[in-house]
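Printed here is protein-v8.txt (compact mmCIF, C-alpha atoms):
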# COMPACT_ATOMS: atom_id res chain seq x y z
CA MET L 1 183.13 165.06 -112.36
CA GLY L 2 183.57 163.38 -108.97
CA SER L 3 182.52 166.56 -107.20
CA ARG L 4 179.35 166.91 -109.28
CA PHE L 5 178.53 163.26 -108.67
CA VAL L 6 178.83 163.76 -104.89
CA GLU L 7 176.62 166.85 -105.07
CA ILE L 8 173.91 164.89 -106.88
CA LEU L 9 174.23 161.98 -104.45
CA ARG L 10 174.06 164.32 -101.50
CA TYR L 11 171.00 166.01 -102.95
CA PHE L 12 169.20 162.68 -103.32
CA ASP L 13 170.42 161.58 -99.90
CA GLY L 14 168.83 164.66 -98.36
CA ILE L 15 165.65 164.45 -100.37
CA ILE L 16 165.07 160.77 -99.49
CA ASN L 17 165.70 161.58 -95.83
CA GLN L 18 163.21 164.46 -95.90
CA THR L 19 160.56 162.55 -97.85
CA LEU L 20 160.91 159.59 -95.51
CA ARG L 21 160.45 161.87 -92.50
CA ASP L 22 157.38 163.39 -94.19
CA VAL L 23 155.82 159.98 -94.83
CA VAL L 24 156.58 158.80 -91.30
CA SER L 25 155.18 161.93 -89.63
CA ASP L 26 152.24 162.61 -91.96
CA TYR L 27 151.41 159.63 -94.18
CA SER L 28 149.89 160.17 -97.60
CA PHE L 29 149.90 157.95 -100.67
CA GLU L 30 151.36 160.74 -102.83
CA THR L 31 154.36 161.22 -100.54
CA LEU L 32 154.89 157.46 -100.38
CA ALA L 33 154.86 157.29 -104.19
CA LEU L 34 157.36 160.16 -104.30
CA LEU L 35 159.56 158.32 -101.82
CA ALA L 36 159.49 155.19 -104.00
CA LEU L 37 160.36 157.28 -107.06
CA PHE L 38 163.26 159.09 -105.36
CA SER L 39 164.50 155.78 -103.98
CA PHE L 40 164.45 154.24 -107.44
CA ALA L 41 166.42 157.18 -108.88
CA TYR L 42 168.85 156.99 -105.98
CA GLY L 43 169.24 153.24 -106.57
CA ILE L 44 170.30 153.90 -110.15
CA LEU L 45 172.67 156.66 -109.12
CA HIS L 46 174.29 155.04 -106.15
CA SER L 47 174.90 151.75 -107.90
CA LEU L 48 176.99 153.63 -110.47
CA GLY L 49 179.67 153.71 -107.76
CA PRO L 50 181.83 150.66 -107.10
CA GLY L 51 181.06 147.96 -104.60
CA HIS L 52 177.79 147.07 -106.21
CA GLY L 53 179.06 144.20 -108.29
CA LYS L 54 179.30 146.23 -111.49
CA ALA L 55 182.85 145.27 -112.39
CA LEU L 56 182.13 141.74 -111.19
CA VAL L 57 179.07 141.42 -113.42
CA ALA L 58 181.00 142.86 -116.38
CA SER L 59 183.92 140.46 -115.85
CA TYR L 60 181.64 137.47 -115.32
CA PHE L 61 179.76 138.07 -118.58
CA LEU L 62 182.92 138.82 -120.53
CA LYS L 63 184.36 135.52 -119.33
CA GLU L 64 182.39 133.33 -121.70
CA LYS L 65 179.37 133.32 -123.97
CA HIS L 66 176.15 133.87 -122.03
CA HIS L 67 172.50 134.33 -122.85
CA LEU L 68 171.06 137.81 -122.17
CA ARG L 69 168.53 136.18 -119.81
CA LYS L 70 171.41 135.35 -117.47
CA ALA L 71 172.23 139.06 -117.11
CA VAL L 72 168.70 139.66 -115.85
CA PHE L 73 168.88 136.78 -113.34
CA LEU L 74 172.33 137.66 -112.00
CA SER L 75 171.48 141.35 -111.62
CA ALA L 76 168.23 140.52 -109.84
CA PHE L 77 170.04 138.08 -107.55
CA ILE L 78 172.81 140.56 -106.60
CA SER L 79 170.26 143.34 -105.96
CA PHE L 80 168.13 140.96 -103.89
CA VAL L 81 171.09 139.83 -101.75
CA HIS L 82 172.46 143.39 -101.40
CA THR L 83 169.14 144.75 -100.16
CA GLY L 84 168.17 141.62 -98.24
CA THR L 85 171.41 141.74 -96.23
CA ALA L 86 170.70 145.40 -95.37
CA ILE L 87 167.16 144.58 -94.21
CA ILE L 88 168.24 141.60 -92.09
CA LEU L 89 171.14 143.59 -90.63
CA SER L 90 168.84 146.48 -89.71
CA PHE L 91 166.49 144.19 -87.80
CA LEU L 92 169.47 142.55 -86.08
CA LEU L 93 170.99 145.92 -85.15
CA TYR L 94 167.71 147.22 -83.81
CA TYR L 95 166.55 144.17 -81.85
CA VAL L 96 169.64 142.05 -81.13
CA LEU L 97 172.97 143.84 -81.66
CA THR L 98 171.89 146.97 -79.79
CA GLY L 99 175.43 147.63 -78.57
CA VAL L 100 176.73 148.06 -82.11
CA ARG L 101 176.33 151.78 -82.77
CA GLY L 102 177.79 154.70 -84.68
CA ILE L 103 181.29 154.21 -86.04
CA PHE L 104 181.12 150.50 -85.16
CA ARG L 105 178.27 150.03 -87.61
CA ILE L 106 180.52 151.44 -90.33
CA GLN L 107 183.25 149.04 -89.22
CA LEU L 108 180.72 146.23 -89.56
CA GLN L 109 180.29 147.35 -93.16
CA SER L 110 184.01 146.91 -93.78
CA TYR L 111 183.86 143.34 -92.38
CA PHE L 112 181.17 142.52 -94.93
CA MET L 113 183.37 144.05 -97.63
CA ILE L 114 186.31 141.87 -96.64
CA THR L 115 184.09 138.75 -96.51
CA SER L 116 182.82 139.58 -99.98
CA GLY L 117 186.40 140.11 -101.19
CA ILE L 118 187.54 136.75 -99.82
CA MET L 119 184.60 135.00 -101.49
CA ILE L 120 185.16 136.72 -104.85
CA THR L 121 188.90 135.90 -104.74
CA ILE L 122 188.16 132.22 -104.01
CA ILE L 123 185.55 132.08 -106.79
CA GLY L 124 188.03 133.69 -109.21
CA ILE L 125 190.70 131.16 -108.27
CA LEU L 126 188.21 128.31 -108.69
CA PHE L 127 187.21 129.65 -112.12
CA LEU L 128 190.89 129.72 -113.01
CA LEU L 129 191.53 126.16 -111.76
CA VAL L 130 188.48 124.82 -113.59
CA LYS L 131 189.67 126.55 -116.76
CA ILE L 132 193.27 125.29 -116.46
CA PHE L 133 192.32 121.67 -115.76
CA HIS L 134 189.41 121.66 -118.16
CA ASN L 135 189.28 119.08 -120.90
CA LYS L 136 186.54 117.54 -122.97
CA ALA L 137 186.08 114.62 -120.56
CA ASN L 138 185.04 116.82 -117.67
CA ARG L 139 182.88 119.27 -119.61
CA ARG L 140 179.79 118.13 -117.64
CA GLU L 141 181.54 118.89 -114.34
CA GLU L 142 182.45 122.33 -115.64
CA THR L 143 178.84 123.06 -116.57
CA SER L 144 177.69 122.01 -113.13
CA TRP L 145 180.38 124.22 -111.53
CA GLY L 146 179.27 127.03 -113.85
CA LYS L 147 175.77 126.97 -112.33
CA ARG L 148 177.12 127.04 -108.79
CA GLY L 149 179.62 129.69 -109.83
CA PHE L 150 176.75 131.82 -111.10
CA LEU L 151 175.00 131.74 -107.72
CA LEU L 152 178.24 132.26 -105.81
CA VAL L 153 179.13 135.29 -107.94
CA GLY L 154 175.68 136.74 -107.23
CA PHE L 155 175.90 136.07 -103.51
CA SER L 156 179.44 137.35 -103.02
CA GLY L 157 178.76 140.42 -105.16
CA GLY L 158 175.69 141.41 -103.20
CA ILE L 159 176.59 140.46 -99.65
CA ILE L 160 177.84 143.95 -98.68
CA PRO L 161 174.73 145.58 -97.22
CA CYS L 162 173.60 148.89 -98.68
CA PRO L 163 174.28 151.50 -95.93
CA VAL L 164 171.48 153.81 -97.07
CA SER L 165 169.00 150.92 -97.10
CA SER L 166 170.14 150.02 -93.58
CA MET L 167 169.61 153.59 -92.38
CA ILE L 168 166.16 153.77 -94.01
CA MET L 169 165.17 150.50 -92.37
CA MET L 170 166.53 151.56 -88.96
CA LEU L 171 164.52 154.79 -89.08
CA THR L 172 161.31 153.09 -90.12
CA ILE L 173 161.71 150.14 -87.72
CA SER L 174 162.19 152.57 -84.84
CA ASN L 175 159.01 154.37 -85.87
CA ARG L 176 157.11 151.08 -86.23
CA VAL L 177 156.56 151.67 -89.97
CA ALA L 178 158.99 149.13 -91.40
CA HIS L 179 156.67 148.58 -94.40
CA ILE L 180 157.37 152.16 -95.56
CA GLY L 181 161.10 151.48 -95.28
CA LEU L 182 160.64 148.31 -97.29
CA ILE L 183 158.96 150.21 -100.13
CA SER L 184 161.86 152.68 -100.24
CA VAL L 185 164.46 149.94 -100.06
CA ILE L 186 162.74 147.96 -102.83
CA GLY L 187 162.86 151.16 -104.94
CA ILE L 188 166.62 151.43 -104.37
CA SER L 189 167.02 147.75 -105.16
CA LEU L 190 165.10 148.09 -108.44
CA GLY L 191 167.33 151.00 -109.48
CA MET L 192 170.38 148.90 -108.76
CA PHE L 193 168.91 145.97 -110.69
CA ILE L 194 168.42 148.15 -113.79
CA VAL L 195 172.05 149.38 -113.73
CA LEU L 196 173.50 145.90 -113.20
CA MET L 197 171.28 144.38 -115.85
CA LEU L 198 172.32 146.99 -118.42
CA ILE L 199 175.98 146.38 -117.60
CA GLY L 200 175.44 142.62 -117.90
CA ILE L 201 173.75 143.04 -121.29
CA LEU L 202 176.47 145.47 -122.38
CA SER L 203 179.14 142.95 -121.39
CA ILE L 204 177.50 140.13 -123.29
CA SER L 205 177.15 142.33 -126.40
CA SER L 206 180.71 143.64 -125.97
CA ARG L 207 182.02 140.09 -125.87
CA GLN L 208 180.21 139.31 -129.09
CA GLY L 209 181.57 142.58 -130.49
CA ILE L 210 185.14 141.73 -129.53
CA MET L 211 184.77 138.32 -131.21
CA ILE L 212 183.38 139.87 -134.42
CA VAL L 213 186.04 142.62 -134.50
CA SER L 214 188.87 140.18 -133.73
CA GLY L 215 187.57 137.88 -136.46
CA ARG L 216 188.52 140.58 -138.97
CA PHE L 217 192.14 140.52 -137.82
CA PHE L 218 192.78 136.96 -136.65
CA LYS L 219 191.82 133.59 -138.07
CA ARG L 220 191.86 131.82 -134.70
CA THR L 221 189.09 133.64 -132.81
CA ASP L 222 189.01 130.76 -130.30
CA LYS L 223 192.39 132.02 -129.04
CA VAL L 224 190.98 135.52 -128.62
CA SER L 225 188.07 133.98 -126.70
CA LYS L 226 190.51 132.17 -124.40
CA ILE L 227 192.49 135.37 -123.77
CA ILE L 228 189.28 137.27 -122.88
CA GLU L 229 188.27 134.40 -120.61
CA PHE L 230 191.55 134.39 -118.72
CA LEU L 231 191.66 138.19 -118.49
CA SER L 232 188.13 138.23 -117.07
CA ILE L 233 189.05 135.63 -114.45
CA VAL L 234 192.14 137.64 -113.51
CA LEU L 235 189.91 140.70 -113.21
CA ILE L 236 187.51 138.82 -110.90
CA ILE L 237 190.46 137.81 -108.69
CA PHE L 238 191.69 141.41 -108.75
CA ILE L 239 188.25 142.73 -107.70
CA GLY L 240 188.24 140.25 -104.80
CA LEU L 241 191.76 141.19 -103.72
CA SER L 242 191.01 144.92 -103.86
CA LEU L 243 188.10 144.38 -101.45
CA VAL L 244 190.37 142.39 -99.13
CA SER L 245 193.16 144.99 -99.32
CA PRO L 246 192.07 146.93 -96.15
CA LEU L 247 193.27 143.85 -94.23
CA PHE L 248 196.81 144.54 -95.36
CA PHE L 249 197.03 148.35 -95.49
CA MET Z 1 178.07 149.74 -133.13
CA LYS Z 2 180.10 146.95 -131.59
CA TYR Z 3 183.08 149.29 -131.09
CA LYS Z 4 180.78 151.68 -129.24
CA GLU Z 5 179.56 148.97 -126.85
CA ILE Z 6 183.12 147.84 -126.11
CA LEU Z 7 184.16 151.44 -125.43
CA ILE Z 8 181.22 152.07 -123.09
CA LEU Z 9 182.00 148.91 -121.12
CA LEU Z 10 185.69 149.77 -120.87
CA SER Z 11 184.84 153.29 -119.69
CA ILE Z 12 182.53 151.97 -116.98
CA MET Z 13 185.18 149.54 -115.75
CA LEU Z 14 188.01 152.07 -115.88
CA PHE Z 15 186.16 154.98 -114.31
CA SER Z 16 184.19 153.09 -111.69
CA LYS Z 17 186.80 154.07 -109.09
CA LEU Z 18 186.41 157.70 -110.09
CA LEU Z 19 182.73 157.42 -109.38
CA ALA Z 20 183.29 155.84 -105.96
CA HIS Z 21 180.54 157.21 -103.85
CA PRO Z 22 180.50 158.17 -100.21
CA HIS Z 23 177.65 157.50 -97.82
CA LEU Z 24 178.33 160.27 -95.32
CA PHE Z 25 178.78 163.98 -95.93
CA ILE Z 26 180.50 166.66 -93.88
CA GLU Z 27 180.55 170.45 -94.23
CA PRO Z 28 183.83 171.44 -92.56
CA SER Z 29 184.90 174.79 -91.13
CA LEU Z 30 188.10 175.99 -89.47
CA GLU Z 31 189.15 178.48 -86.87
CA PHE Z 32 192.58 179.39 -85.49
CA ILE Z 33 192.98 179.73 -81.73
CA VAL Z 34 195.56 182.35 -80.79
CA SER Z 35 197.20 183.21 -77.50
CA ASP Z 36 200.52 184.81 -76.49
CA ASN Z 37 201.49 185.69 -80.05
CA SER Z 38 201.16 182.07 -81.27
CA ILE Z 39 198.57 179.92 -82.95
CA ARG Z 40 197.88 177.28 -80.30
CA ALA Z 41 195.18 175.21 -81.92
CA VAL Z 42 193.18 174.62 -85.06
CA ARG Z 43 189.51 174.31 -84.20
CA VAL Z 44 187.64 172.11 -86.62
CA CYS Z 45 183.86 172.01 -86.92
CA TRP Z 46 182.04 169.39 -88.95
CA LYS Z 47 178.40 169.70 -89.83
CA TRP Z 48 177.11 166.22 -90.66
CA ASP Z 49 174.48 165.18 -93.19
CA ARG Z 50 170.96 164.36 -92.05
CA TRP Z 51 171.30 160.55 -92.03
CA TRP Z 52 174.32 160.50 -89.74
CA SER Z 53 172.80 163.29 -87.64
CA MET Z 54 169.59 161.31 -87.31
CA ASP Z 55 171.54 158.31 -86.03
CA VAL Z 56 173.47 160.45 -83.53
CA ILE Z 57 170.32 162.15 -82.27
CA PHE Z 58 168.44 158.85 -82.01
CA ASP Z 59 171.18 157.12 -80.04
CA CYS Z 60 172.61 160.02 -78.00
CA ASP Z 61 169.85 162.52 -77.26
CA ILE Z 62 168.62 160.21 -74.54
CA ASN Z 63 166.06 162.56 -72.99
CA ARG Z 64 164.80 163.65 -76.44
CA ASP Z 65 164.97 167.36 -75.60
CA GLY Z 66 166.69 168.33 -78.86
CA TYR Z 67 169.80 169.38 -76.98
CA LEU Z 68 172.99 167.44 -76.22
CA ASP Z 69 174.07 167.84 -72.60
CA GLU Z 70 177.46 166.93 -71.18
CA GLU Z 71 176.66 163.24 -70.66
CA GLU Z 72 175.10 162.95 -74.10
CA ILE Z 73 178.14 164.61 -75.69
CA LYS Z 74 180.28 161.95 -74.01
CA LEU Z 75 178.09 159.34 -75.70
CA VAL Z 76 178.57 161.05 -79.06
CA TYR Z 77 182.33 161.14 -78.48
CA ASN Z 78 182.55 157.47 -77.53
CA ASP Z 79 180.14 155.97 -80.05
CA TYR Z 80 180.16 158.40 -82.94
CA PHE Z 81 183.61 159.96 -83.03
CA LYS Z 82 186.40 158.18 -81.16
CA GLY Z 83 186.46 155.32 -83.68
CA ILE Z 84 187.97 157.52 -86.38
CA GLN Z 85 191.07 158.21 -84.28
CA ASN Z 86 192.73 155.40 -86.25
CA PHE Z 87 192.29 157.59 -89.32
CA ASN Z 88 193.74 160.68 -87.55
CA TYR Z 89 190.22 162.10 -87.53
CA PHE Z 90 190.39 162.36 -91.33
CA THR Z 91 192.66 165.40 -90.82
CA GLN Z 92 196.21 166.36 -91.74
CA ILE Z 93 197.80 169.66 -90.76
CA PHE Z 94 201.07 170.94 -92.20
CA ILE Z 95 202.77 174.01 -90.75
CA ASP Z 96 205.48 175.42 -93.02
CA GLY Z 97 205.57 172.03 -94.69
CA ASN Z 98 206.00 170.06 -91.46
CA LYS Z 99 203.31 167.57 -90.55
CA SER Z 100 201.61 168.24 -87.24
CA ASN Z 101 200.25 165.47 -85.01
CA THR Z 102 196.51 164.97 -85.54
CA GLY Z 103 196.22 161.79 -83.52
CA GLN Z 104 194.67 163.57 -80.53
CA VAL Z 105 191.86 166.06 -80.20
CA LYS Z 106 190.85 168.36 -77.37
CA ASN Z 107 187.67 170.14 -76.30
CA PHE Z 108 185.31 167.88 -78.24
CA THR Z 109 181.77 169.13 -78.27
CA ALA Z 110 178.65 168.33 -80.27
CA LYS Z 111 175.33 170.10 -80.81
CA ILE Z 112 172.05 169.63 -82.59
CA ASN Z 113 171.41 172.41 -85.11
CA ASN Z 114 168.04 173.98 -85.93
CA ASP Z 115 167.84 172.00 -89.19
CA GLU Z 116 168.13 168.71 -87.22
CA THR Z 117 171.71 168.14 -88.27
CA VAL Z 118 174.53 167.54 -85.82
CA SER Z 119 177.82 169.44 -85.63
CA TYR Z 120 181.03 168.35 -83.94
CA CYS Z 121 183.75 170.82 -82.93
CA PHE Z 122 187.18 169.86 -81.64
CA ASP Z 123 190.71 171.25 -81.45
CA PHE Z 124 194.04 170.01 -82.75
CA ALA Z 125 196.88 171.43 -80.68
CA VAL Z 126 199.51 173.15 -82.84
CA GLU Z 127 202.35 175.56 -82.19
CA ALA Z 128 203.09 178.35 -84.65
CA SER Z 129 204.70 181.61 -83.61
CA LEU Z 130 203.25 184.73 -85.20
CA ASN Z 131 206.56 186.62 -85.18
CA ARG Z 132 206.67 185.84 -88.88
CA SER Z 133 204.22 184.62 -91.50
CA VAL Z 134 203.22 180.96 -91.22
CA LYS Z 135 202.10 178.67 -94.01
CA PHE Z 136 199.26 176.33 -93.08
CA GLU Z 137 197.93 173.45 -95.10
CA ILE Z 138 194.90 171.64 -93.70
CA ARG Z 139 193.53 168.53 -95.34
CA PHE Z 140 190.32 166.60 -94.71
CA GLU Z 141 190.02 163.23 -96.34
CA ASP Z 142 188.53 159.84 -95.55
CA ILE Z 143 190.76 157.39 -97.40
CA THR Z 144 188.06 154.72 -97.23
CA ILE Z 145 185.90 157.01 -99.42
CA PHE Z 146 182.97 156.47 -97.08
CA THR Z 147 182.78 160.15 -96.11
CA ALA Z 148 182.83 163.14 -98.46
CA PHE Z 149 183.91 166.61 -97.38
CA ASP Z 150 182.15 169.61 -98.81
CA ARG Z 151 184.32 171.78 -101.08
CA ASP Z 152 182.90 174.95 -99.52
CA LEU Z 153 185.31 174.86 -96.61
CA THR Z 154 184.91 177.98 -94.49
CA ILE Z 155 187.67 179.58 -92.43
CA LYS Z 156 186.49 181.88 -89.69
CA ASN Z 157 188.09 185.30 -89.51
CA HIS Z 158 190.19 186.13 -86.48
CA GLN Z 159 190.53 189.71 -85.26
CA ASP Z 160 194.32 189.38 -84.82
CA LEU Z 161 195.09 187.47 -88.03
CA VAL Z 162 195.40 188.18 -91.74
CA TYR Z 163 194.93 185.33 -94.22
CA LYS Z 164 196.89 185.55 -97.47
CA ASP Z 165 197.05 183.44 -100.64
CA LEU Z 166 194.15 181.30 -99.53
CA THR Z 167 193.37 178.41 -101.85
CA ILE Z 168 190.78 175.74 -101.27
CA GLY Z 169 190.71 172.70 -103.50
CA MET Z 170 189.90 169.06 -103.98
CA LEU Z 171 191.90 166.37 -102.28
CA GLY Z 172 191.81 162.79 -103.50
CA TYR Z 173 188.34 161.63 -104.46
CA TYR Z 174 186.15 163.35 -101.91
CA GLY Z 175 188.48 165.31 -99.68
CA VAL Z 176 189.20 169.01 -99.40
CA LYS Z 177 192.32 170.98 -98.58
CA ALA Z 178 193.05 174.58 -97.69
CA GLU Z 179 196.38 176.35 -98.06
CA LEU Z 180 197.00 179.80 -96.64
CA ILE Z 181 199.63 182.07 -95.21
CA ILE Z 182 198.79 183.56 -91.83
CA GLU Z 183 200.25 186.79 -90.51
CA LYS Z 184 199.62 188.83 -87.43
CA LYS Z 185 197.53 191.94 -88.05
CA ASP Z 186 199.53 195.17 -87.61

Using the file provided, produce a representation of the structure as structure tokens.
Amino acid sequence: MGSRFVEILRYFDGIINQTLRDVVSDYSFETLALLALFSFAYGILHSLGPGHGKALVASYFLKEKHHLRKAVFLSAFISFVHTGTAIILSFLLYYVLTGVRGIFRIQLQSYFMITSGIMITIIGILFLLVKIFHNKANRREETSWGKRGFLLVGFSGGIIPCPVSSMIMMLTISNRVAHIGLISVIGISLGMFIVLMLIGILSISSRQGIMIVSGRFFKRTDKVSKIIEFLSIVLIIFIGLSLVSPLFF
Amino acid sequence: MKYKEILILLSIMLFSKLLAHPHLFIEPSLEFIVSDNSIRAVRVCWKWDRWWSMDVIFDCDINRDGYLDEEEIKLVYNDYFKGIQNFNYFTQIFIDGNKSNTGQVKNFTAKINNDETVSYCFDFAVEASLNRSVKFEIRFEDITIFTAFDRDLTIKNHQDLVYKDLTIGMLGYYGVKAELIIEKKD
């Protein structure tokens, strides 16, 4: 399965590269539209791999009851940050950090990954602390933290720049056609948004499902809810730690 | 219906690691360098994907002539290769079950191919007498899962060698390994 997945990814990788070269060398609206389409498909495909906040989104929405609308907002925010970081980084690498090349750019990627991991771990721990010390008196504080937590989860989940988006932007910036790169990158971002949103919605529905199913076996579904909540927080901390792990191994 | 949703979510979370995706792709090939009745080196060639190649060409083909000269190859080595020394150049070599040192490479060279991709070739020094058959196992794997190696690993024929029991298979998520027994041709 993994091998087939890589073949498909590689195929799209090559096709985006070729289409981008075609648009840059001989612009036509049709080729640009094709590029946007391939980019969108690639965005869907490549965000099926880890590191795109999938597990984070799933854990976050399993944690407690959420409205479906929130899944749309969080997915859009993560996709926006993920792609935005890549665009900003590309401009920085091309105009400012000109000495950072080749393998060092990949190392830069791993620094972003570790930063993201540290942030996710801290957020997970904060979720845990808020949950442990929560009581009815400070419910308002918890709600306020929940809003900030939502934004922090989105930011930390998306902060690792998309390498393909960076490469697309670098190529188009160097050819003075950054707007073409932006169209491709937005396509990738939209694909990613769709995947994350579906996972968010799936998580919210799954949580409801777990509550309904558990209601058939246990009288105290509030206990089941608490267990899911704690497990989700532990999972968030685990996701953060796994991103930080290259620091220790 | 609810069971189905829970199962789908669990599958996505459990198998997300399995679907870890690389961003760079390499088509590897191998060659054995023989002298004085011994295998002295394993020459590895990597053909890179078009994105990485594009980066290398953009940064290292300074005079834009579509050819990498000696100075430009040095640039490729320093900026686009040396950094993976910490990962033993993604390579492990076992001779009769004993691990060979892959921390150093020799004779690094790079070229731009006709299809605008870039290939690197370099040697790992080894020592294997051909007085008897030798078992080689060569592995390519990037443990960070950033680079995928093509499963169609090719091993170049050598006029003095016979390859037996050759098997090529997957290694880890996106690595490849080759096992073979090498004998001297009669």

Residues at most 6 Å from segment 191-200 of chain L, counting only C-alpha atoms, excluding those fewer than 3 positions away in the same chain, as a PyMOL selection string? chain L and resi 40+43-44+47+57-58+71-72+75-76+79+188+203

List as CSV every residue of segment 72-161 of chain L that is in contact with segment 51-73 of chain Z, defined as an atom at most 12 Å from one of its atoms (using only C-alpha atoms), together with the nearest atom pair and the distance in Å rounded to one decimal, sorted by chain and then rising number.
residue,atom,partner,partner_atom,distance
L:Tyr94,CA,Z:Asp59,CA,11.1
L:Thr98,CA,Z:Asp59,CA,10.2
L:Gly99,CA,Z:Asp59,CA,10.5
L:Val100,CA,Z:Asp59,CA,10.8
L:Arg101,CA,Z:Asp59,CA,7.9
L:Gly102,CA,Z:Val56,CA,7.3
L:Ile103,CA,Z:Trp52,CA,10.1
L:Arg105,CA,Z:Asp55,CA,10.8
L:Ile106,CA,Z:Trp52,CA,11.0

Have a look at atom CA of Val134 of chain Z and atom CA of Gln92 of chain Z and let me know their distance in Å, one decimal. 16.2 Å

Using only C-alpha atoms, I'd like a table of the residues in chain L that come within 9 Å of chain Z; for each, show the closest atom pair and its distance in Å rounded to one decimal, ordered by chain and ascending number, as CSV.
residue,atom,partner,partner_atom,distance
L:Met1,CA,Z:Leu19,CA,8.2
L:Gly2,CA,Z:Leu19,CA,6.0
L:Ser3,CA,Z:Tyr174,CA,7.2
L:Phe5,CA,Z:Leu19,CA,7.2
L:Val6,CA,Z:His21,CA,6.8
L:Glu7,CA,Z:Asp150,CA,8.8
L:Leu9,CA,Z:His21,CA,7.9
L:Arg10,CA,Z:Phe25,CA,7.3
L:Asp13,CA,Z:Trp51,CA,8.0
L:Gly14,CA,Z:Arg50,CA,6.7
L:Asn17,CA,Z:Trp51,CA,6.8
L:Gln18,CA,Z:Arg50,CA,8.7
L:His46,CA,Z:His21,CA,7.0
L:Ser47,CA,Z:His21,CA,8.8
L:Leu48,CA,Z:Leu19,CA,7.0
L:Gly49,CA,Z:Ala20,CA,4.6
L:Pro50,CA,Z:Ala20,CA,5.5
L:Gly51,CA,Z:Ala20,CA,8.3
L:Lys54,CA,Z:Met13,CA,8.0
L:Ala55,CA,Z:Met13,CA,5.9
L:Ala58,CA,Z:Leu9,CA,7.8
L:Val100,CA,Z:Asp79,CA,8.9
L:Arg101,CA,Z:Asp79,CA,6.3
L:Gly102,CA,Z:Tyr80,CA,4.7
L:Ile103,CA,Z:Tyr80,CA,5.3
L:Phe104,CA,Z:Gly83,CA,7.3
L:Ile106,CA,Z:Phe146,CA,8.8
L:Gln107,CA,Z:Gly83,CA,9.0
L:Pro163,CA,Z:His23,CA,7.1
L:Val164,CA,Z:His23,CA,7.2
L:Met167,CA,Z:Trp51,CA,7.2
L:Ile168,CA,Z:Trp51,CA,8.7
L:Met170,CA,Z:Asp55,CA,8.9
L:Leu171,CA,Z:Asp55,CA,8.4
L:Ile199,CA,Z:Leu9,CA,7.4
L:Leu202,CA,Z:Glu5,CA,6.5
L:Ser203,CA,Z:Leu9,CA,6.6
L:Ser205,CA,Z:Glu5,CA,7.1
L:Ser206,CA,Z:Ile6,CA,4.8
L:Arg207,CA,Z:Ile6,CA,7.8
L:Gln208,CA,Z:Lys2,CA,8.0
L:Gly209,CA,Z:Lys2,CA,4.7
L:Ile210,CA,Z:Ile6,CA,7.3
L:Ile212,CA,Z:Lys2,CA,8.3
L:Val213,CA,Z:Lys2,CA,7.9
L:Pro246,CA,Z:Thr144,CA,8.8

Could the residues in this selection be written to a file with C-alpha atoms, as an mmCIF file, keeping the file's coordinate frame?
data_model
loop_
_atom_site.group_PDB
_atom_site.id
_atom_site.type_symbol
_atom_site.label_atom_id
_atom_site.label_comp_id
_atom_site.auth_asym_id
_atom_site.auth_seq_id
_atom_site.Cartn_x
_atom_site.Cartn_y
_atom_site.Cartn_z
ATOM 1 C CA MET L 1 183.130 165.060 -112.360
ATOM 2 C CA GLY L 2 183.570 163.380 -108.970
ATOM 3 C CA SER L 3 182.520 166.560 -107.200
ATOM 4 C CA PHE L 5 178.530 163.260 -108.670
ATOM 5 C CA VAL L 6 178.830 163.760 -104.890
ATOM 6 C CA GLU L 7 176.620 166.850 -105.070
ATOM 7 C CA LEU L 9 174.230 161.980 -104.450
ATOM 8 C CA ARG L 10 174.060 164.320 -101.500
ATOM 9 C CA ASP L 13 170.420 161.580 -99.900
ATOM 10 C CA GLY L 14 168.830 164.660 -98.360
ATOM 11 C CA ASN L 17 165.700 161.580 -95.830
ATOM 12 C CA GLN L 18 163.210 164.460 -95.900
ATOM 13 C CA HIS L 46 174.290 155.040 -106.150
ATOM 14 C CA SER L 47 174.900 151.750 -107.900
ATOM 15 C CA LEU L 48 176.990 153.630 -110.470
ATOM 16 C CA GLY L 49 179.670 153.710 -107.760
ATOM 17 C CA PRO L 50 181.830 150.660 -107.100
ATOM 18 C CA GLY L 51 181.060 147.960 -104.600
ATOM 19 C CA LYS L 54 179.300 146.230 -111.490
ATOM 20 C CA ALA L 55 182.850 145.270 -112.390
ATOM 21 C CA ALA L 58 181.000 142.860 -116.380
ATOM 22 C CA VAL L 100 176.730 148.060 -82.110
ATOM 23 C CA ARG L 101 176.330 151.780 -82.770
ATOM 24 C CA GLY L 102 177.790 154.700 -84.680
ATOM 25 C CA ILE L 103 181.290 154.210 -86.040
ATOM 26 C CA PHE L 104 181.120 150.500 -85.160
ATOM 27 C CA ILE L 106 180.520 151.440 -90.330
ATOM 28 C CA GLN L 107 183.250 149.040 -89.220
ATOM 29 C CA PRO L 163 174.280 151.500 -95.930
ATOM 30 C CA VAL L 164 171.480 153.810 -97.070
ATOM 31 C CA MET L 167 169.610 153.590 -92.380
ATOM 32 C CA ILE L 168 166.160 153.770 -94.010
ATOM 33 C CA MET L 170 166.530 151.560 -88.960
ATOM 34 C CA LEU L 171 164.520 154.790 -89.080
ATOM 35 C CA ILE L 199 175.980 146.380 -117.600
ATOM 36 C CA LEU L 202 176.470 145.470 -122.380
ATOM 37 C CA SER L 203 179.140 142.950 -121.390
ATOM 38 C CA SER L 205 177.150 142.330 -126.400
ATOM 39 C CA SER L 206 180.710 143.640 -125.970
ATOM 40 C CA ARG L 207 182.020 140.090 -125.870
ATOM 41 C CA GLN L 208 180.210 139.310 -129.090
ATOM 42 C CA GLY L 209 181.570 142.580 -130.490
ATOM 43 C CA ILE L 210 185.140 141.730 -129.530
ATOM 44 C CA ILE L 212 183.380 139.870 -134.420
ATOM 45 C CA VAL L 213 186.040 142.620 -134.500
ATOM 46 C CA PRO L 246 192.070 146.930 -96.150
#
